[in-house]
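J.: Next comes the structure file start.cif, holding mmCIF, C-alpha atoms.
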```cif
data_data
loop_
_atom_site.group_PDB
_atom_site.id
_atom_site.type_symbol
_atom_site.label_atom_id
_atom_site.label_comp_id
_atom_site.auth_asym_id
_atom_site.auth_seq_id
_atom_site.Cartn_x
_atom_site.Cartn_y
_atom_site.Cartn_z
ATOM 1 C CA MET A 1 34.864 23.496 -6.025
ATOM 2 C CA ALA A 2 31.804 22.100 -4.286
ATOM 3 C CA GLY A 3 31.508 25.389 -2.389
ATOM 4 C CA ALA A 4 31.318 27.322 -5.648
ATOM 5 C CA VAL A 5 28.497 25.080 -6.880
ATOM 6 C CA LEU A 6 26.705 25.495 -3.527
ATOM 7 C CA THR A 7 26.935 29.289 -3.737
ATOM 8 C CA LYS A 8 25.681 29.315 -7.309
ATOM 9 C CA GLU A 9 22.747 27.011 -6.484
ATOM 10 C CA LEU A 10 21.656 29.155 -3.539
ATOM 11 C CA GLN A 11 21.851 32.315 -5.624
ATOM 12 C CA VAL A 12 19.706 30.735 -8.333
ATOM 13 C CA TRP A 13 17.091 29.523 -5.860
ATOM 14 C CA LEU A 14 16.898 32.702 -3.816
ATOM 15 C CA ARG A 15 16.530 34.897 -6.905
ATOM 16 C CA ARG A 16 13.449 33.070 -8.147
ATOM 17 C CA PRO A 17 10.140 34.896 -7.507
ATOM 18 C CA ALA A 18 8.489 31.590 -6.583
ATOM 19 C CA THR A 19 10.836 31.239 -3.608
ATOM 20 C CA PHE A 20 9.162 34.022 -1.666
ATOM 21 C CA GLY A 21 5.776 32.559 -2.509
ATOM 22 C CA LEU A 22 6.909 29.260 -1.009
ATOM 23 C CA TYR A 23 8.114 31.040 2.126
ATOM 24 C CA THR A 24 4.777 32.782 2.556
ATOM 25 C CA LEU A 25 2.728 29.666 1.810
ATOM 26 C CA LEU A 26 4.691 27.547 4.291
ATOM 27 C CA VAL A 27 4.349 30.098 7.098
ATOM 28 C CA LEU A 28 0.617 30.518 6.502
ATOM 29 C CA ALA A 29 -0.053 26.784 6.202
ATOM 30 C CA THR A 30 2.029 25.817 9.235
ATOM 31 C CA GLY A 31 0.614 28.679 11.274
ATOM 32 C CA GLY A 32 -2.919 27.648 10.371
ATOM 33 C CA VAL A 33 -2.283 24.057 11.382
ATOM 34 C CA MET A 34 -0.798 25.192 14.691
ATOM 35 C CA VAL A 35 -3.838 27.377 15.374
ATOM 36 C CA LEU A 36 -6.067 24.360 14.816
ATOM 37 C CA GLY A 37 -3.814 22.242 17.010
ATOM 38 C CA THR A 38 -3.907 24.776 19.819
ATOM 39 C CA ALA A 39 -7.697 25.032 19.496
ATOM 40 C CA THR A 40 -7.920 21.241 19.747
ATOM 41 C CA VAL A 41 -5.822 21.233 22.906
ATOM 42 C CA LEU A 42 -7.999 23.938 24.454
ATOM 43 C CA SER A 43 -11.244 22.375 23.247
ATOM 44 C CA GLN A 44 -13.733 21.510 25.975
ATOM 45 C CA GLY A 45 -14.708 18.458 23.944
ATOM 46 C CA ILE A 46 -11.736 16.535 25.312
ATOM 47 C CA GLY A 47 -12.490 17.340 28.936
ATOM 48 C CA PRO A 48 -11.246 20.105 31.210
ATOM 49 C CA VAL A 49 -7.782 21.125 30.085
ATOM 50 C CA PRO A 50 -5.429 22.926 32.508
ATOM 51 C CA ALA A 51 -4.623 26.550 31.877
ATOM 52 C CA LEU A 52 -1.843 27.923 29.734
ATOM 53 C CA PHE A 53 1.702 27.432 31.040
ATOM 54 C CA SER A 54 0.453 24.564 33.208
ATOM 55 C CA THR A 55 1.910 21.059 32.901
ATOM 56 C CA GLY A 56 -0.724 19.236 34.930
ATOM 57 C CA ILE A 57 -2.939 16.442 33.613
ATOM 58 C CA SER A 58 -6.660 16.793 33.291
ATOM 59 C CA PRO A 59 -8.230 14.519 35.956
ATOM 60 C CA ASN A 60 -11.460 13.879 34.030
ATOM 61 C CA ALA A 61 -9.962 12.935 30.698
ATOM 62 C CA SER A 62 -9.589 9.332 29.546
ATOM 63 C CA GLY A 63 -8.313 7.451 26.523
ATOM 64 C CA PRO A 64 -7.123 9.688 23.685
ATOM 65 C CA ALA A 65 -8.399 12.731 25.592
ATOM 66 C CA ALA A 66 -6.144 11.903 28.524
ATOM 67 C CA LEU A 67 -3.239 11.376 26.147
ATOM 68 C CA LEU A 68 -3.797 14.741 24.499
ATOM 69 C CA SER A 69 -4.227 16.448 27.849
ATOM 70 C CA SER A 70 -1.073 14.850 29.235
ATOM 71 C CA TYR A 71 1.173 15.802 26.304
ATOM 72 C CA ARG A 72 -0.207 19.179 25.273
ATOM 73 C CA ALA A 73 3.196 20.810 24.668
ATOM 74 C CA LEU A 74 4.695 17.735 23.013
ATOM 75 C CA TRP A 75 1.580 17.319 20.881
ATOM 76 C CA LEU A 76 1.910 20.838 19.481
ATOM 77 C CA PHE A 77 5.651 20.401 18.988
ATOM 78 C CA LEU A 78 5.134 17.172 17.028
ATOM 79 C CA VAL A 79 2.397 18.763 14.926
ATOM 80 C CA ALA A 80 4.816 21.539 13.946
ATOM 81 C CA ALA A 81 7.559 18.986 13.233
ATOM 82 C CA LEU A 82 5.219 16.910 11.072
ATOM 83 C CA CYS A 83 4.306 20.046 9.118
ATOM 84 C CA LEU A 84 7.998 20.702 8.450
ATOM 85 C CA LEU A 85 8.540 17.070 7.495
ATOM 86 C CA LEU A 86 5.624 17.164 5.065
ATOM 87 C CA ALA A 87 6.877 20.438 3.571
ATOM 88 C CA GLY A 88 10.336 18.936 3.156
ATOM 89 C CA ALA A 89 8.865 15.879 1.453
ATOM 90 C CA MET A 90 7.068 18.163 -1.019
ATOM 91 C CA VAL A 91 9.900 20.609 -1.774
ATOM 92 C CA ALA A 92 13.175 18.654 -1.478
ATOM 93 C CA PRO A 93 12.592 16.093 -4.277
ATOM 94 C CA ALA A 94 11.406 18.755 -6.718
ATOM 95 C CA GLY A 95 14.264 21.105 -5.904
ATOM 96 C CA ALA A 96 16.991 18.481 -6.216
ATOM 97 C CA SER A 97 15.516 16.776 -9.280
ATOM 98 C CA ALA A 98 16.539 19.746 -11.431
ATOM 99 C CA ALA A 99 20.099 19.783 -10.090
ATOM 100 C CA ILE A 100 21.743 17.678 -12.793
ATOM 101 C CA GLN A 101 19.029 17.321 -15.406
ATOM 102 C CA GLY A 102 18.444 21.075 -15.358
ATOM 103 C CA GLU A 103 22.079 21.608 -16.343
ATOM 104 C CA ARG A 104 21.663 19.137 -19.200
ATOM 105 C CA GLU A 105 18.505 20.837 -20.391
ATOM 106 C CA SER A 106 20.361 24.167 -20.319
ATOM 107 C CA HIS A 107 23.316 22.598 -22.171
ATOM 108 C CA THR A 108 25.725 23.620 -19.402
ATOM 109 C CA PHE A 109 26.447 20.191 -17.912
ATOM 110 C CA GLU A 110 29.450 19.491 -20.138
ATOM 111 C CA LEU A 111 30.769 22.958 -19.325
ATOM 112 C CA LEU A 112 30.709 22.125 -15.627
ATOM 113 C CA LEU A 113 32.605 18.898 -16.198
ATOM 114 C CA SER A 114 35.187 20.685 -18.323
ATOM 115 C CA THR A 115 36.155 22.927 -15.387
ATOM 116 C CA GLY A 116 38.049 20.022 -13.849
ATOM 117 C CA MET A 117 35.592 19.631 -10.978
ATOM 118 C CA SER A 118 35.327 16.049 -9.783
ATOM 119 C CA PRO A 119 31.917 14.382 -10.249
ATOM 120 C CA LEU A 120 31.661 13.830 -6.496
ATOM 121 C CA SER A 121 32.250 17.546 -5.818
ATOM 122 C CA LEU A 122 29.638 18.417 -8.413
ATOM 123 C CA VAL A 123 27.084 16.071 -6.837
ATOM 124 C CA LEU A 124 27.843 17.266 -3.302
ATOM 125 C CA GLY A 125 27.607 20.925 -4.316
ATOM 126 C CA LYS A 126 24.281 20.414 -6.084
ATOM 127 C CA LEU A 127 22.864 18.412 -3.198
ATOM 128 C CA ALA A 128 24.099 20.866 -0.568
ATOM 129 C CA GLY A 129 22.494 23.740 -2.463
ATOM 130 C CA ALA A 130 19.134 21.970 -2.668
ATOM 131 C CA VAL A 131 19.202 20.853 0.983
ATOM 132 C CA MET A 132 20.303 24.296 2.215
ATOM 133 C CA PHE A 133 17.450 25.920 0.306
ATOM 134 C CA VAL A 134 14.922 23.528 1.855
ATOM 135 C CA LEU A 135 16.339 24.089 5.342
ATOM 136 C CA LEU A 136 16.137 27.856 4.861
ATOM 137 C CA LEU A 137 12.560 27.410 3.726
ATOM 138 C CA LEU A 138 11.699 25.298 6.758
ATOM 139 C CA GLY A 139 13.499 27.765 9.005
ATOM 140 C CA THR A 140 10.911 30.413 8.231
ATOM 141 C CA ALA A 141 8.316 28.273 10.020
ATOM 142 C CA LEU A 142 10.368 27.724 13.197
ATOM 143 C CA PRO A 143 8.492 30.454 15.154
ATOM 144 C CA VAL A 144 5.376 28.250 15.147
ATOM 145 C CA PHE A 145 7.148 25.973 17.638
ATOM 146 C CA ALA A 146 6.603 28.723 20.205
ATOM 147 C CA ALA A 147 3.046 27.444 20.639
ATOM 148 C CA ALA A 148 4.447 24.411 22.460
ATOM 149 C CA TRP A 149 6.036 26.654 25.080
ATOM 150 C CA LEU A 150 2.617 28.043 26.019
ATOM 151 C CA PHE A 151 2.025 24.683 27.702
ATOM 152 C CA GLY A 152 5.389 24.156 29.355
ATOM 153 C CA GLY A 153 7.601 23.421 26.359
ATOM 154 C CA VAL A 154 9.498 20.244 25.513
ATOM 155 C CA GLY A 155 12.897 19.038 26.594
ATOM 156 C CA LEU A 156 16.002 18.496 24.515
ATOM 157 C CA ALA A 157 15.445 14.749 24.797
ATOM 158 C CA GLU A 158 12.348 15.104 22.597
ATOM 159 C CA ALA A 159 13.281 18.136 20.482
ATOM 160 C CA GLY A 160 16.710 16.837 19.452
ATOM 161 C CA PRO A 161 15.609 13.455 18.039
ATOM 162 C CA THR A 162 12.599 15.029 16.324
ATOM 163 C CA LEU A 163 14.644 17.648 14.484
ATOM 164 C CA LEU A 164 17.291 15.038 13.640
ATOM 165 C CA VAL A 165 14.668 12.896 11.909
ATOM 166 C CA VAL A 166 13.422 15.945 9.994
ATOM 167 C CA PHE A 167 16.964 16.796 8.848
ATOM 168 C CA ALA A 168 17.775 13.193 7.863
ATOM 169 C CA SER A 169 14.498 12.995 5.930
ATOM 170 C CA VAL A 170 15.165 16.228 4.028
ATOM 171 C CA LEU A 171 18.640 14.939 3.182
ATOM 172 C CA LEU A 172 17.309 11.639 1.840
ATOM 173 C CA PHE A 173 14.429 13.228 -0.066
ATOM 174 C CA GLY A 174 16.830 15.665 -1.715
ATOM 175 C CA THR A 175 19.283 12.872 -2.500
ATOM 176 C CA LEU A 176 16.513 10.880 -4.163
ATOM 177 C CA GLY A 177 15.680 13.792 -6.444
ATOM 178 C CA LEU A 178 19.363 14.286 -7.279
ATOM 179 C CA PHE A 179 19.880 10.575 -7.910
ATOM 180 C CA PHE A 180 17.019 10.314 -10.391
ATOM 181 C CA SER A 181 18.123 13.515 -12.115
ATOM 182 C CA THR A 182 21.431 11.874 -13.054
ATOM 183 C CA PHE A 183 19.857 9.413 -15.503
ATOM 184 C CA VAL A 184 16.151 10.246 -15.996
ATOM 185 C CA PRO A 185 15.711 12.231 -19.246
ATOM 186 C CA SER A 186 13.714 15.147 -17.767
ATOM 187 C CA SER A 187 13.488 17.088 -14.520
ATOM 188 C CA LEU A 188 9.754 16.480 -14.250
ATOM 189 C CA ALA A 189 10.146 12.721 -14.604
ATOM 190 C CA ALA A 190 12.970 12.717 -12.051
ATOM 191 C CA ALA A 191 10.761 14.584 -9.576
ATOM 192 C CA LEU A 192 7.894 12.150 -10.134
ATOM 193 C CA TYR A 193 10.132 9.132 -9.511
ATOM 194 C CA ALA A 194 11.457 10.774 -6.340
ATOM 195 C CA TYR A 195 7.926 11.542 -5.155
ATOM 196 C CA LEU A 196 6.975 7.916 -5.772
ATOM 197 C CA VAL A 197 9.769 6.685 -3.506
ATOM 198 C CA VAL A 198 8.899 9.301 -0.858
ATOM 199 C CA ALA A 199 5.266 8.167 -0.968
ATOM 200 C CA MET A 200 6.371 4.557 -0.514
ATOM 201 C CA LEU A 201 8.443 5.545 2.519
ATOM 202 C CA SER A 202 5.641 7.651 4.004
ATOM 203 C CA VAL A 203 2.487 5.694 3.176
ATOM 204 C CA GLY A 204 3.585 2.453 1.566
ATOM 205 C CA THR A 205 5.523 1.239 4.600
ATOM 206 C CA VAL A 206 2.481 1.642 6.854
ATOM 207 C CA ALA A 207 0.190 -0.031 4.319
ATOM 208 C CA ILE A 208 2.551 -2.982 3.883
ATOM 209 C CA TYR A 209 2.833 -3.484 7.623
ATOM 210 C CA LEU A 210 -0.930 -3.279 8.199
ATOM 211 C CA VAL A 211 -1.591 -5.806 5.441
ATOM 212 C CA ALA A 212 1.079 -8.110 6.848
ATOM 213 C CA ALA A 213 -0.306 -7.707 10.360
ATOM 214 C CA SER A 214 -3.798 -8.612 9.147
ATOM 215 C CA LEU A 215 -2.279 -11.810 7.737
ATOM 216 C CA ARG A 216 -0.478 -12.469 11.040
ATOM 217 C CA LEU A 217 2.887 -11.661 9.465
ATOM 218 C CA GLY A 218 3.501 -8.514 11.465
ATOM 219 C CA ASP A 219 6.740 -9.776 13.003
ATOM 220 C CA ALA A 220 8.202 -10.520 9.584
ATOM 221 C CA ALA A 221 7.247 -7.087 8.249
ATOM 222 C CA SER A 222 8.163 -5.125 11.385
ATOM 223 C CA PRO A 223 11.572 -3.871 10.103
ATOM 224 C CA ILE A 224 9.844 -1.892 7.354
ATOM 225 C CA VAL A 225 8.381 0.584 9.850
ATOM 226 C CA TYR A 226 11.887 1.951 10.494
ATOM 227 C CA LEU A 227 11.786 3.431 6.988
ATOM 228 C CA ASN A 228 8.828 5.660 7.838
ATOM 229 C CA PRO A 229 9.900 9.147 9.000
ATOM 230 C CA TYR A 230 6.516 10.101 10.444
ATOM 231 C CA LEU A 231 6.454 7.098 12.767
ATOM 232 C CA ALA A 232 10.002 7.967 13.834
ATOM 233 C CA VAL A 233 8.845 11.474 14.813
ATOM 234 C CA PHE A 234 6.064 10.017 16.968
ATOM 235 C CA ALA A 235 8.586 7.696 18.613
ATOM 236 C CA ALA A 236 10.935 10.559 19.562
ATOM 237 C CA SER A 237 9.401 10.574 23.050
ATOM 238 C CA GLU A 238 9.527 7.145 24.674
ATOM 239 C CA SER A 239 6.787 7.944 27.197
ATOM 240 C CA LEU A 240 4.468 9.172 24.436
ATOM 241 C CA ARG A 241 5.282 6.109 22.346
ATOM 242 C CA GLN A 242 4.338 3.794 25.193
ATOM 243 C CA ASP A 243 1.046 5.589 25.808
ATOM 244 C CA VAL A 244 0.135 5.646 22.110
ATOM 245 C CA VAL A 245 0.963 1.953 21.757
ATOM 246 C CA GLY A 246 -1.352 1.242 24.681
ATOM 247 C CA LEU A 247 -4.251 2.782 22.742
ATOM 248 C CA LEU A 248 -3.568 0.887 19.498
ATOM 249 C CA PRO A 249 -5.078 -2.503 18.652
ATOM 250 C CA LEU A 250 -2.742 -5.382 19.416
ATOM 251 C CA SER A 251 -2.082 -6.095 15.736
ATOM 252 C CA GLN A 252 -0.989 -2.494 15.068
ATOM 253 C CA ARG A 253 1.365 -1.965 17.984
ATOM 254 C CA GLY A 254 4.338 -2.935 15.859
ATOM 255 C CA LEU A 255 4.037 0.422 14.075
ATOM 256 C CA LEU A 256 5.843 1.962 17.052
ATOM 257 C CA PRO A 257 8.301 -0.749 18.155
ATOM 258 C CA ALA A 258 10.053 -0.647 21.502
ATOM 259 C CA PRO A 259 13.724 0.443 21.556
ATOM 260 C CA SER A 260 14.852 -3.020 22.679
ATOM 261 C CA GLN A 261 14.480 -5.619 19.943
ATOM 262 C CA GLN A 262 15.777 -9.157 19.586
ATOM 263 C CA VAL A 263 18.115 -9.513 16.599
ATOM 264 C CA PHE A 264 19.532 -12.990 15.886
ATOM 265 C CA GLY A 265 18.981 -13.980 19.493
ATOM 266 C CA ALA A 266 20.658 -10.891 20.962
ATOM 267 C CA VAL A 267 18.829 -7.938 22.523
ATOM 268 C CA VAL A 268 19.695 -4.698 20.715
ATOM 269 C CA THR A 269 18.546 -1.350 22.094
ATOM 270 C CA VAL A 270 18.169 1.284 19.381
ATOM 271 C CA PRO A 271 15.457 3.955 19.543
ATOM 272 C CA HIS A 272 13.128 4.144 16.577
ATOM 273 C CA TRP A 273 14.207 7.679 15.680
ATOM 274 C CA ALA A 274 17.899 6.729 15.828
ATOM 275 C CA ALA A 275 17.416 3.704 13.574
ATOM 276 C CA THR A 276 15.463 5.730 11.017
ATOM 277 C CA SER A 277 17.996 8.572 11.015
ATOM 278 C CA ALA A 278 20.901 6.142 10.605
ATOM 279 C CA LEU A 279 19.173 4.297 7.771
ATOM 280 C CA TYR A 280 18.384 7.543 5.980
ATOM 281 C CA ALA A 281 21.967 8.770 6.366
ATOM 282 C CA LEU A 282 23.320 5.472 5.011
ATOM 283 C CA LEU A 283 20.923 5.487 2.054
ATOM 284 C CA SER A 284 21.870 9.096 1.299
ATOM 285 C CA LEU A 285 25.589 8.252 1.256
ATOM 286 C CA VAL A 286 25.030 5.303 -1.056
ATOM 287 C CA LEU A 287 22.907 7.354 -3.459
ATOM 288 C CA ILE A 288 25.464 10.192 -3.452
ATOM 289 C CA PHE A 289 28.303 7.906 -4.498
ATOM 290 C CA VAL A 290 26.138 6.125 -7.079
ATOM 291 C CA SER A 291 25.118 9.513 -8.491
ATOM 292 C CA ALA A 292 28.779 10.507 -8.751
ATOM 293 C CA VAL A 293 29.497 7.317 -10.698
ATOM 294 C CA VAL A 294 26.578 7.940 -13.066
ATOM 295 C CA VAL A 295 27.636 11.555 -13.658
ATOM 296 C CA ASP A 296 31.300 10.708 -14.308
ATOM 297 C CA PRO A 297 31.690 9.974 -18.058
ATOM 298 C CA LEU A 298 35.188 8.571 -17.518
ATOM 299 C CA HIS A 299 34.529 6.370 -14.512
ATOM 300 C CA PRO A 300 36.448 3.040 -14.679
ATOM 301 C CA LEU A 301 33.196 1.099 -14.612
ATOM 302 C CA LYS A 302 32.107 2.866 -17.815
ATOM 303 C CA THR A 303 35.440 2.662 -19.636
ATOM 304 C CA ARG A 304 36.178 -0.964 -18.800
ATOM 305 C CA ARG A 305 34.770 -2.279 -22.071
ATOM 306 C CA LEU A 306 36.653 0.352 -24.050
ATOM 307 C CA ARG A 307 39.924 -0.573 -22.377
ATOM 308 C CA ALA A 308 39.227 -4.272 -22.948
ATOM 309 C CA ALA A 309 38.547 -3.638 -26.644
ATOM 310 C CA ARG A 310 41.817 -1.732 -27.025
ATOM 311 C CA THR A 311 43.687 -4.541 -25.270
ATOM 312 C CA ASP A 312 42.219 -7.125 -27.658
ATOM 313 C CA ARG A 313 43.443 -5.093 -30.600
#
```
What would you get if you wrote out this structure as structure tokens?

T.:
Amino acid sequence: MAGAVLTKELQVWLRRPATFGLYTLLVLATGGVMVLGTATVLSQGIGPVPALFSTGISPNASGPAALLSSYRALWLFLVAALCLLLAGAMVAPAGASAAIQGERESHTFELLLSTGMSPLSLVLGKLAGAVMFVLLLLGTALPVFAAAWLFGGVGLAEAGPTLLVVFASVLLFGTLGLFFSTFVPSSLAAALYAYLVVAMLSVGTVAIYLVAASLRLGDAASPIVYLNPYLAVFAASESLRQDVVGLLPLSQRGLLPAPSQQVFGAVVTVPHWAATSALYALLSLVLIFVSAVVVDPLHPLKTRRLRAARTDR
């Protein structure tokens, strides 16, 4: 049954005229950013940069210029990944926020429940449709990653974790929109609530850590940085993370924590990107099951009082 809902959701999304506008806008925007990124890499303002297809390091560059010159291919790859992550953060909450509430506004929600489909199947089908649409949208911009291969390309050790963080982020952002659509009275309000949470994850986590670090409470607030997907993308390459941390002020180095951390006296080694992806997957699962409970009108948690009243009689 969830497959039928998925098929129907994809058909609805792909038949909308605005879909092709989104495809075009994403390709143009991402392509423009990559052109600017490539121009920055080739700019003489950062010192002599080796030629295309070269992986050497510019001998005259220093500081941020040396960092950019050393990681030209990875820099362009991360710029493209950040563009996809930002696009997912903009599209996924809005697309999923209309999943349930849109059916209610169209007066077809009760009809769906009357088909005998379980609430969990309904939620999974709606979420899968929204996430698949966003992934198809992001897939149109994949050719821009080719710019990274002009400078030697990136390995699977960097590409895999980066794309995993992007996928986990799209999943969570879509789940947030779906979750709010189960009880917020309008699709627009559900999207706004989802965007608020996404903004807290993207910007709020960094702001909270910086404020805490300025108050010398950085160690206490350090776990919050694992909720930020953009920091996780930057930490996908351990060598790049180490070099970036070396350029940051001492109070801000906790934004990109080392893989080995001390937890309750024991040393635990978990890369930043892996911790963020796992947290996002766990939060998505919790929100999916909570959404299924909210959608189910006959869930035991909702009918407990009714059963108790009948027993008293």

J.: Any chance you could work out the residue set of the PyMOL selection byres ((chain A and resi 34) around 9) here, as a ChimeraX atom specification?

T.: /A:29-33,35-39,76,79-80,144-145,147

J.: In Å, with one decimal, what is the gap from CA of Leu111 in chain A to CA of Ala92 in chain A?

T.: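 Between these atoms lies a distance of 25.4 Å.
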
J.: Fewer than 6 positions away in the same chain doesn't count, so skip those; otherwise give me all residues within 8 Å of Asn228 in chain A, counting only C-alpha atoms, as a list in words.

T.: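 So, after excluding close chain neighbours, the residues are Leu201, Ser202, Val203, Thr205, Val206 and Thr276 of chain A.
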
J.: Please provide as a PyMOL selection string all residues within 9 Å of Tyr193 in chain A, with the sequence filter that same-chain residues fewer than 2 positions apart are discarded (counting only C-alpha atoms).

T.: chain A and resi 176-177+180+184+188-191+195-198

J.: Report as a list in words the full result of the PyMOL selection byres ((chain A and resi 270) around 6) when it is applied to this structure.

T.: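 Applied to this file, the PyMOL selection byres ((chain A and resi 270) around 6) returns Pro259, Thr269 and Pro271 of chain A.
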
J.: For the residues selected in the previous step, produce a file with C-alpha atoms as a PDB file, keeping the file's coordinate frame.

T.:
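Written out: again.pdb:
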```
ATOM      1  CA  PRO A 259      13.724   0.443  21.556  1.00  0.00           C
ATOM      2  CA  THR A 269      18.546  -1.350  22.094  1.00  0.00           C
ATOM      3  CA  PRO A 271      15.457   3.955  19.543  1.00  0.00           C
TER       4      PRO A 271
END
```

J.: Just how far from CA of Leu86 in chain A is CA of Leu256 in chain A, in Å to one decimal?

T.: 19.4 Å

J.: If you count all atoms listed in the file, which residues fall within 12 Å of Arg253 in chain A, apart from same-chain ones fewer than 4 positions away, as an MDAnalysis selection string?

T.: chainID A and resid 206 209:210 213 218:219 222 225 231 241:249 257:258

J.: Identify all residues satisfying the PyMOL selection byres ((chain A and resi 93) around 8) in the given file; provide them as number ranges by chain.

T.: A: 89-92, 94-97, 173-178, 191, 194-195
